[in-house]
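Shown below: my_file_12.txt, with compact mmCIF, C-alpha atoms.
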```
# COMPACT_ATOMS: atom_id res chain seq x y z
CA MET A 1 259.33 31.84 123.98
CA ASN A 2 255.69 31.35 123.17
CA ILE A 3 255.82 29.25 120.01
CA LYS A 4 252.87 27.20 118.86
CA ILE A 5 253.13 24.11 116.71
CA ILE A 6 251.27 22.96 113.61
CA LYS A 7 251.47 19.25 112.79
CA ALA A 8 251.58 18.71 109.02
CA LYS A 9 251.01 15.30 107.42
CA LYS A 10 253.63 14.27 104.87
CA LEU A 11 254.61 11.32 102.71
CA PHE A 12 258.21 10.21 102.88
CA PRO A 13 260.22 8.23 100.32
CA LEU A 14 261.34 4.71 101.26
CA SER A 15 264.75 5.56 102.75
CA ILE A 16 266.27 5.69 106.20
CA ILE A 17 266.70 9.44 106.12
CA ALA A 18 263.50 10.88 104.63
CA ALA A 19 263.42 14.47 103.38
CA ALA A 20 260.06 16.26 103.30
CA SER A 21 259.39 19.24 101.10
CA VAL A 22 256.18 21.19 100.69
CA LEU A 23 257.53 24.18 98.79
CA VAL A 24 255.64 25.02 95.64
CA PHE A 25 257.72 25.83 92.58
CA PHE A 26 256.58 27.13 89.20
CA SER A 27 258.74 27.22 86.09
CA LEU A 28 259.53 30.66 84.75
CA GLU A 29 260.82 31.46 81.30
CA ALA A 30 264.52 32.33 81.47
CA PRO A 31 265.41 35.82 80.23
CA SER A 32 267.43 36.05 77.04
CA ILE A 33 270.05 38.80 76.58
CA VAL A 34 271.89 38.91 73.24
CA ALA A 35 275.35 40.52 73.23
CA VAL A 36 276.54 42.14 69.98
CA PRO A 37 279.45 44.44 69.18
CA ALA A 38 278.35 47.88 70.30
CA THR A 39 279.40 51.30 71.48
CA THR A 40 280.16 52.00 75.14
CA ASP A 41 276.70 53.50 75.60
CA GLN A 42 275.06 50.44 74.09
CA ILE A 43 277.08 48.10 76.30
CA PHE A 44 276.06 50.12 79.35
CA ILE A 45 272.38 49.92 78.32
CA GLU A 46 272.62 46.15 77.79
CA SER A 47 274.33 45.69 81.17
CA GLU A 48 271.59 47.69 82.85
CA ALA A 49 268.99 45.59 81.02
CA LEU A 50 270.64 42.40 82.26
CA ARG A 51 270.74 43.66 85.86
CA SER A 52 267.12 44.74 85.58
CA THR A 53 266.04 41.35 84.24
CA THR A 54 267.87 39.32 86.90
CA LYS A 55 266.57 41.66 89.60
CA LYS A 56 263.03 41.13 88.30
CA THR A 57 263.57 37.37 88.32
CA THR A 58 264.77 37.49 91.93
CA THR A 59 261.70 39.54 92.86
CA GLN A 60 259.46 36.94 91.22
CA VAL A 61 261.12 34.17 93.24
CA LEU A 62 261.04 35.84 96.65
CA GLY A 63 258.13 38.24 96.33
CA PHE A 64 260.33 41.27 97.07
CA GLU A 65 263.49 43.00 95.83
CA SER A 66 266.56 41.60 97.59
CA LYS A 67 269.38 43.78 98.94
CA HIS A 68 271.84 40.91 98.55
CA GLY A 69 272.02 40.66 94.78
CA THR A 70 270.57 38.14 92.38
CA LEU A 71 269.83 34.63 93.57
CA PRO A 72 272.19 31.74 92.78
CA ALA A 73 271.53 30.06 89.44
CA SER A 74 269.99 26.96 91.04
CA LEU A 75 267.23 29.05 92.65
CA ARG A 76 266.31 31.12 89.62
CA GLY A 77 263.18 30.09 87.75
CA THR A 78 261.43 29.05 90.96
CA ILE A 79 258.91 30.74 93.24
CA LEU A 80 259.11 30.37 97.01
CA ASP A 81 255.63 30.63 98.46
CA ASN A 82 255.33 32.43 101.80
CA VAL A 83 254.37 29.65 104.22
CA LEU A 84 255.22 31.52 107.43
CA LYS A 85 252.19 31.76 109.70
CA ILE A 86 251.42 33.46 113.02
CA ASP A 87 248.65 33.15 115.59
CA GLU A 88 246.18 35.84 116.64
CA LYS A 89 248.73 37.34 119.06
CA GLY A 90 251.51 37.53 116.49
CA HIS A 91 253.50 34.53 117.70
CA LEU A 92 255.13 32.19 115.20
CA LEU A 93 253.29 28.99 114.39
CA ILE A 94 255.92 26.27 114.07
CA SER A 95 255.59 23.75 111.24
CA SER A 96 257.95 21.86 108.98
CA ASP A 97 257.28 24.55 106.35
CA ILE A 98 259.76 26.77 108.22
CA LYS A 99 262.44 24.11 107.85
CA ASP A 100 261.66 23.99 104.13
CA VAL A 101 262.24 27.74 103.86
CA PHE A 102 265.63 27.39 105.57
CA ASP A 103 266.57 24.41 103.40
CA TYR A 104 265.54 26.28 100.26
CA PHE A 105 268.25 28.89 100.77
CA LEU A 106 270.77 26.43 102.25
CA SER A 107 270.48 24.27 99.12
CA ALA A 108 272.65 26.88 97.36
CA ILE A 109 275.58 26.33 99.75
CA SER A 110 277.83 25.26 96.84
CA GLU A 111 277.14 28.57 95.08
CA GLU A 112 277.17 31.08 97.95
CA ASP A 113 278.98 31.31 101.27
CA LEU A 114 276.99 30.62 104.44
CA ASP A 115 277.12 34.26 105.58
CA THR A 116 275.33 35.40 102.40
CA ILE A 117 272.78 32.62 102.69
CA LEU A 118 271.99 33.57 106.28
CA LEU A 119 271.60 37.20 105.24
CA ARG A 120 269.09 36.07 102.62
CA VAL A 121 267.13 34.03 105.17
CA ASP A 122 267.16 36.94 107.61
CA GLU A 123 265.91 39.26 104.86
CA TYR A 124 263.13 36.81 103.95
CA LEU A 125 262.00 36.47 107.57
CA SER A 126 262.13 40.23 108.10
CA HIS A 127 260.04 40.88 105.01
CA TYR A 128 257.21 38.51 105.90
CA LEU A 129 257.17 38.62 109.72
CA GLN A 130 256.85 41.22 112.46
CA GLU A 131 257.54 40.99 116.19
CA PRO A 132 257.25 38.81 118.18
CA ALA A 133 257.18 36.19 115.36
CA LEU A 134 260.28 37.68 113.73
CA SER A 135 262.53 37.19 116.76
CA GLU A 136 261.06 33.72 117.29
CA SER A 137 261.82 32.71 113.71
CA LYS A 138 265.42 33.93 114.02
CA ALA A 139 265.82 31.94 117.22
CA VAL A 140 264.64 28.83 115.38
CA LEU A 141 267.09 29.57 112.56
CA ALA A 142 269.98 29.85 115.04
CA GLN A 143 269.05 26.47 116.54
CA TYR A 144 268.79 24.88 113.13
CA ILE A 145 272.19 26.13 111.94
CA GLU A 146 273.88 24.94 115.15
CA PHE A 147 272.26 21.55 114.67
CA LYS A 148 273.43 21.42 111.01
CA TYR A 149 277.00 22.12 112.07
CA SER A 150 276.92 19.33 114.64
CA LEU A 151 275.29 16.96 112.14
CA MET A 152 278.05 17.63 109.62
CA THR A 153 280.66 16.62 112.18
CA LEU A 154 278.70 13.48 113.08
CA GLU A 155 278.38 12.45 109.43
CA GLN A 156 282.12 12.82 108.92
CA GLU A 157 282.84 10.62 111.93
CA MET A 158 280.27 8.02 110.92
CA GLY A 159 281.64 8.01 107.38
CA LYS A 160 285.08 7.07 108.73
CA ASP A 161 283.53 4.29 110.84
CA LEU A 162 281.70 2.87 107.84
CA SER A 163 284.79 2.97 105.61
CA GLN A 164 286.71 0.95 108.21
CA MET A 165 284.02 -1.74 108.40
CA SER A 166 284.84 -4.91 106.47
CA GLN A 167 282.42 -6.38 103.96
CA GLN A 168 282.00 -9.44 106.15
CA ASP A 169 281.10 -7.29 109.16
CA LYS A 170 278.42 -5.59 107.06
CA VAL A 171 276.97 -8.94 105.99
CA ASP A 172 277.02 -10.25 109.56
CA GLY A 173 274.81 -7.42 110.79
CA GLY A 174 277.38 -4.73 111.31
CA TYR A 175 275.70 -2.41 108.82
CA LEU A 176 272.36 -2.57 110.65
CA ASP A 177 274.18 -1.86 113.91
CA PHE A 178 275.86 1.10 112.21
CA LEU A 179 272.49 2.45 111.04
CA ARG A 180 271.05 2.11 114.53
CA LYS A 181 273.96 4.01 116.02
CA GLN A 182 273.74 6.70 113.35
CA MET A 183 270.00 7.20 113.91
CA ASP A 184 270.38 7.33 117.70
CA GLN A 185 273.19 9.87 117.60
CA ARG A 186 271.41 12.01 115.02
CA ASN A 187 268.19 11.99 117.05
CA ALA A 188 270.14 12.91 120.19
CA GLN A 189 271.61 15.91 118.41
CA ARG A 190 268.17 17.02 117.23
CA GLU A 191 266.98 16.87 120.83
CA GLN A 192 270.08 18.69 122.09
CA TYR A 193 269.97 21.66 119.70
CA LEU A 194 266.26 22.12 118.94
CA ASP A 195 263.43 23.23 121.21
CA PRO A 196 260.86 20.44 121.75
CA ALA A 197 258.24 22.18 119.59
CA VAL A 198 260.75 22.68 116.77
CA TYR A 199 261.99 19.09 117.09
CA GLU A 200 258.43 17.79 116.91
CA ALA A 201 257.44 19.88 113.89
CA PHE A 202 260.64 19.38 111.90
CA TYR A 203 261.38 15.71 112.52
CA ALA A 204 258.69 13.76 114.42
CA GLU A 205 257.01 12.15 111.40
CA GLU A 206 260.31 11.58 109.64
CA GLN A 207 261.66 9.88 112.75
CA ARG A 208 258.66 7.57 113.01
CA TYR A 209 259.16 6.57 109.39
CA ASP A 210 262.89 6.01 109.96
CA GLU A 211 262.07 3.70 112.86
CA TYR A 212 259.63 1.77 110.71
CA THR A 213 262.14 1.42 107.87
CA TYR A 214 264.87 0.26 110.22
CA SER A 215 262.54 -2.22 111.92
CA ARG A 216 261.55 -3.61 108.53
CA LEU A 217 265.21 -4.09 107.58
CA LEU A 218 265.80 -5.82 110.90
CA VAL A 219 262.84 -8.17 110.42
CA ASN A 220 263.79 -9.07 106.85
CA SER A 221 267.33 -9.90 107.98
CA ASN A 222 266.05 -12.28 110.68
CA LYS A 223 266.29 -15.71 109.04
CA SER A 224 264.69 -17.42 112.04
CA LEU A 225 261.30 -15.91 111.16
CA SER A 226 258.95 -17.45 108.62
CA ALA A 227 257.57 -15.35 105.75
CA SER A 228 254.19 -15.01 107.50
CA GLU A 229 255.86 -13.98 110.76
CA ARG A 230 257.85 -11.31 108.93
CA LEU A 231 254.70 -9.94 107.30
CA GLY A 232 252.94 -9.87 110.67
CA LYS A 233 255.72 -7.92 112.35
CA ILE A 234 255.99 -5.47 109.45
CA ALA A 235 252.23 -4.89 109.59
CA GLU A 236 252.56 -4.22 113.32
CA TYR A 237 255.26 -1.62 112.68
CA GLN A 238 253.20 0.00 109.93
CA SER A 239 250.38 0.61 112.39
CA THR A 240 252.56 3.21 114.14
CA LEU A 241 252.77 5.37 111.00
CA PRO A 242 250.41 8.21 109.99
CA GLU A 243 247.42 7.13 107.91
CA ASP A 244 248.57 8.81 104.70
CA VAL A 245 251.96 7.08 104.90
CA ARG A 246 250.29 3.72 105.54
CA GLN A 247 248.11 4.17 102.48
CA SER A 248 251.14 5.04 100.36
CA ILE A 249 252.97 1.91 101.55
CA LYS A 250 249.87 -0.20 100.97
CA GLN A 251 249.58 1.02 97.39
CA THR A 252 253.22 0.19 96.75
CA GLN A 253 252.77 -3.29 98.18
CA ILE A 254 249.69 -3.92 96.00
CA THR A 255 251.62 -2.84 92.90
CA ASP A 256 254.53 -5.15 93.77
CA GLU A 257 252.17 -8.05 94.43
CA LEU A 258 250.35 -7.45 91.13
CA LYS A 259 253.65 -7.56 89.25
CA LEU A 260 254.63 -10.87 90.86
CA ARG A 261 251.23 -12.46 90.24
CA THR A 262 251.18 -11.22 86.64
CA GLU A 263 254.58 -12.79 85.99
CA LYS A 264 253.33 -16.05 87.50
CA VAL A 265 250.19 -16.08 85.31
CA LEU A 266 252.22 -15.54 82.14
CA ALA A 267 254.88 -18.08 83.18
CA GLU A 268 252.14 -20.70 83.61
CA GLY A 269 250.84 -20.07 80.09
CA GLY A 270 248.12 -17.58 80.93
CA ASP A 271 246.93 -15.04 78.36
CA GLN A 272 246.33 -11.29 78.43
CA GLN A 273 242.68 -11.71 79.38
CA GLN A 274 243.68 -13.55 82.57
CA VAL A 275 246.07 -10.72 83.33
CA ARG A 276 243.23 -8.21 82.86
CA GLU A 277 241.01 -10.16 85.26
CA LEU A 278 243.80 -10.21 87.82
CA ARG A 279 244.16 -6.44 87.53
CA ARG A 280 240.39 -6.00 87.91
CA GLU A 281 240.37 -8.22 91.00
CA MET A 282 243.20 -6.31 92.72
CA LEU A 283 242.69 -2.72 91.53
CA GLY A 284 239.22 -2.34 90.00
CA ASP A 285 237.78 -1.52 86.57
CA GLU A 286 239.35 1.95 86.22
CA ALA A 287 242.80 0.50 86.78
CA VAL A 288 242.17 -2.12 84.10
CA GLN A 289 241.46 0.62 81.57
CA ARG A 290 244.60 2.52 82.56
CA PHE A 291 246.68 -0.64 82.23
CA ASP A 292 245.12 -1.36 78.83
CA GLU A 293 246.14 2.09 77.61
CA LEU A 294 249.62 1.64 79.03
CA ASP A 295 249.95 -1.78 77.39
CA GLN A 296 248.94 -0.25 74.07
CA GLN A 297 251.51 2.53 74.42
CA ARG A 298 254.21 0.02 75.29
CA ALA A 299 253.30 -2.18 72.32
CA GLN A 300 253.44 0.81 69.96
CA TRP A 301 256.78 1.86 71.36
CA GLN A 302 258.19 -1.67 71.09
CA SER A 303 257.00 -1.86 67.48
CA ARG A 304 258.81 1.39 66.67
CA ILE A 305 261.96 0.17 68.41
CA ASN A 306 261.90 -3.16 66.57
CA GLU A 307 261.50 -1.43 63.22
CA TYR A 308 264.35 0.96 64.00
CA LEU A 309 266.70 -1.80 65.17
CA THR A 310 265.98 -3.75 61.98
CA GLN A 311 266.78 -0.75 59.77
CA ARG A 312 269.83 0.03 61.88
CA ALA A 313 271.13 -3.53 61.51
CA ASN A 314 270.69 -3.29 57.73
CA ILE A 315 272.77 -0.08 57.65
CA LEU A 316 275.54 -1.52 59.82
CA SER A 317 275.71 -4.67 57.68
CA ASN A 318 276.81 -2.60 54.67
CA GLN A 319 280.50 -3.48 54.51
CA GLY A 320 281.15 -1.14 51.62
CA LEU A 321 280.98 1.99 53.80
CA ALA A 322 283.45 3.42 56.30
CA THR A 323 282.63 3.35 60.01
CA ASP A 324 282.08 7.13 60.15
CA GLU A 325 279.64 6.99 57.25
CA LEU A 326 277.71 4.13 58.89
CA SER A 327 277.47 6.12 62.14
CA MET A 328 276.19 9.16 60.29
CA GLN A 329 273.48 7.11 58.57
CA VAL A 330 272.41 5.53 61.88
CA ASP A 331 272.27 8.97 63.52
CA ALA A 332 270.16 10.31 60.66
CA LEU A 333 267.80 7.34 60.90
CA ARG A 334 267.42 7.77 64.66
CA GLU A 335 266.72 11.49 64.33
CA SER A 336 264.11 10.87 61.63
CA LEU A 337 262.13 8.39 63.73
CA PHE A 338 262.36 9.74 67.29
CA ASP A 339 262.22 13.10 69.04
CA GLU A 340 265.09 14.31 71.26
CA LEU A 341 263.79 12.75 74.47
CA GLU A 342 263.02 9.45 72.77
CA GLN A 343 266.52 9.37 71.28
CA LEU A 344 267.99 9.20 74.77
CA ARG A 345 265.98 6.05 75.44
CA VAL A 346 266.88 4.60 72.06
CA ARG A 347 270.60 5.11 72.65
CA SER A 348 270.26 3.30 75.97
CA ILE A 349 268.51 0.41 74.21
CA GLU A 350 271.27 0.29 71.60
CA ARG A 351 273.97 0.07 74.28
CA HIS A 352 272.07 -2.68 76.04
CA ALA A 353 271.63 -4.60 72.77
CA GLU A 354 275.36 -4.36 72.02
CA ALA A 355 276.45 -5.40 75.52
```

As a first step, turn the structure in this file into structure tokens.
Amino acid sequence: MNIKIIKAKKLFPLSIIAAASVLVFFSLEAPSIVAVPATTDQIFIESEALRSTTKKTTTQVLGFESKHGTLPASLRGTILDNVLKIDEKGHLLISSDIKDVFDYFLSAISEEDLDTILLRVDEYLSHYLQEPALSESKAVLAQYIEFKYSLMTLEQEMGKDLSQMSQQDKVDGGYLDFLRKQMDQRNAQREQYLDPAVYEAFYAEEQRYDEYTYSRLLVNSNKSLSASERLGKIAEYQSTLPEDVRQSIKQTQITDELKLRTEKVLAEGGDQQQVRELRREMLGDEAVQRFDELDQQRAQWQSRINEYLTQRANILSNQGLATDELSMQVDALRESLFDELEQLRVRSIERHAEA
């Protein structure tokens, strides 16, 4: 099978098993159908209108009218961009975008059976590809599904192993040994079920990042190393990562360091101007302005919270009212001062204050 490979750069979250996604989604306004008592003809018309609307929504998502009914609810209101590409001879160009297409449909596994999902994937591939790319894409899909089945079995077995591990074993290094075993077995299955080009495109960068993350955990657990030795080894491991991932990690490290140094300045009696100079030194003038704006927003928010909590305390201190009446007055106060999203934060603050 003549399949070419495209290497795509991606950023992965800081976890052992990173999941990349480059699908582009756009929010769509959900259709609204109002049901009212009606004659049989009216009900028929409304049912047809509903089917027409959901069919249109499915067409907007996929770019074509599906033969397999409306999409599951979790996929409605999204648009799946066609990222399938071919070379000048019509052969499929393999990239992780293909995996994202498969995962897009598979994400609805709790809403549709696998047979229906595979029919949808087959329909999508058939709509956007012609031979020989079409047959090549279906071969990749078959490999991927076989791999997913084997991975599910592995995860069940590893889950049992982890549940049988004592807390002391985990503390003594057993958990890191478990992670190493899990990664090795998972990687072996990827190699067993996927063609080399597919393996490389779907998982190569993720695997490099997994190795880095595991190595970092291993270094940080090694108490025989000094802090500087740990940093040196971690920097060495980072050098094996793609440039964009290294830059992302570097930015995170700078942010963490800034937070620690800011706390130290304030703990030693420093003022806000010293904090601003520290921010300028580490991140530059533009960052200082952004932090100033953020500080102002936080101060305004804290002022609003303090005022609300004071008024709330005054209401709750009124012993002449029943508990239900007090709750109603607090709810009314909250609704008058904050919008719906802010009220969620306020309720969390209230629970924390009462704890």

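If you measure from each of A:Phe105, A:Tyr308, A:Tyr214, A:Phe202 to Leu179 of chain A using only C-alpha atoms, the closest one turns out to be A:Tyr214.
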
| Looking at A:Asp103, A:Glu200, A:Val61, A:Gln168, which one is nearest to Asn82 of chain A, with distances taken over all atoms listed in the file? | A:Val61

| Atom-to-atom span, atom CA of Gln302 of chain A and atom CA of Leu278 of chain A, Å | 23.7 Å

| d(atom CA of Glu229 of chain A, atom CA of Ile249 of chain A) in Å | 18.6 Å

| Separation of atom CA of Leu309 of chain A from atom CA of Arg351 of chain A in Å |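 Computing it gives 11.8 Å between the two atoms.
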
I'd like the neighbourhood of segment 332-337 of chain A as a PDB file with C-alpha atoms, in the frame of the given file, where a residue qualifies if any of its atoms comes within 12 Å (using all atoms listed in the file), though same-chain residues fewer than 3 positions away should be ignored.
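After the write, out17.pdb holds the following:
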```
ATOM      1  CA  TRP A 301     256.780   1.860  71.360  1.00  0.00           C
ATOM      2  CA  ARG A 304     258.810   1.390  66.670  1.00  0.00           C
ATOM      3  CA  ILE A 305     261.960   0.170  68.410  1.00  0.00           C
ATOM      4  CA  ASN A 306     261.900  -3.160  66.570  1.00  0.00           C
ATOM      5  CA  GLU A 307     261.500  -1.430  63.220  1.00  0.00           C
ATOM      6  CA  TYR A 308     264.350   0.960  64.000  1.00  0.00           C
ATOM      7  CA  LEU A 309     266.700  -1.800  65.170  1.00  0.00           C
ATOM      8  CA  THR A 310     265.980  -3.750  61.980  1.00  0.00           C
ATOM      9  CA  GLN A 311     266.780  -0.750  59.770  1.00  0.00           C
ATOM     10  CA  ARG A 312     269.830   0.030  61.880  1.00  0.00           C
ATOM     11  CA  ALA A 313     271.130  -3.530  61.510  1.00  0.00           C
ATOM     12  CA  ASN A 314     270.690  -3.290  57.730  1.00  0.00           C
ATOM     13  CA  ILE A 315     272.770  -0.080  57.650  1.00  0.00           C
ATOM     14  CA  LEU A 316     275.540  -1.520  59.820  1.00  0.00           C
ATOM     15  CA  GLU A 325     279.640   6.990  57.250  1.00  0.00           C
ATOM     16  CA  LEU A 326     277.710   4.130  58.890  1.00  0.00           C
ATOM     17  CA  SER A 327     277.470   6.120  62.140  1.00  0.00           C
ATOM     18  CA  MET A 328     276.190   9.160  60.290  1.00  0.00           C
ATOM     19  CA  GLN A 329     273.480   7.110  58.570  1.00  0.00           C
ATOM     20  CA  GLU A 340     265.090  14.310  71.260  1.00  0.00           C
ATOM     21  CA  LEU A 341     263.790  12.750  74.470  1.00  0.00           C
ATOM     22  CA  GLU A 342     263.020   9.450  72.770  1.00  0.00           C
ATOM     23  CA  GLN A 343     266.520   9.370  71.280  1.00  0.00           C
ATOM     24  CA  LEU A 344     267.990   9.200  74.770  1.00  0.00           C
ATOM     25  CA  ARG A 345     265.980   6.050  75.440  1.00  0.00           C
ATOM     26  CA  VAL A 346     266.880   4.600  72.060  1.00  0.00           C
ATOM     27  CA  ARG A 347     270.600   5.110  72.650  1.00  0.00           C
ATOM     28  CA  GLU A 350     271.270   0.290  71.600  1.00  0.00           C
TER      29      GLU A 350
END
```

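Closest approach to Leu241 of chain A among A:Lys259, A:Arg208, A:Arg190, A:Arg216: A:Arg208, based on only C-alpha atoms.
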
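For the choices A:Val219, A:Leu321, A:Leu258, A:Leu106, the atom-to-atom distance to Leu75 of chain A is smallest for A:Leu106 when using all atoms listed in the file.
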
| request: Fewer than 4 positions away in the same chain doesn't count, so skip those; otherwise give me all residues within 9 Å of segment 136-152 of chain A, counting all atoms listed in the file, as number ranges by chain. | output: A: 1-3, 91-92, 94, 98-99, 102, 118, 121-122, 125, 129, 131-132, 156-157, 186, 189-190, 192-195, 198

| request: Compare A:Arg298, A:Thr323, A:Arg246, A:Asn222 by their minimum atom-to-atom distance to Asp172 of chain A, counting only C-alpha atoms, and give me the closest one. | output: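 Checking each candidate against Asp172 of chain A, we get A:Asn222 as the closest.
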
| request: Would you mind listing what lies within 12 Å of Leu162 of chain A as a ChimeraX atom specification, with all atoms listed in the file counted and same-chain residues fewer than 5 positions away left out? | output: /A:155-157,167,169-170,174-179,181-182
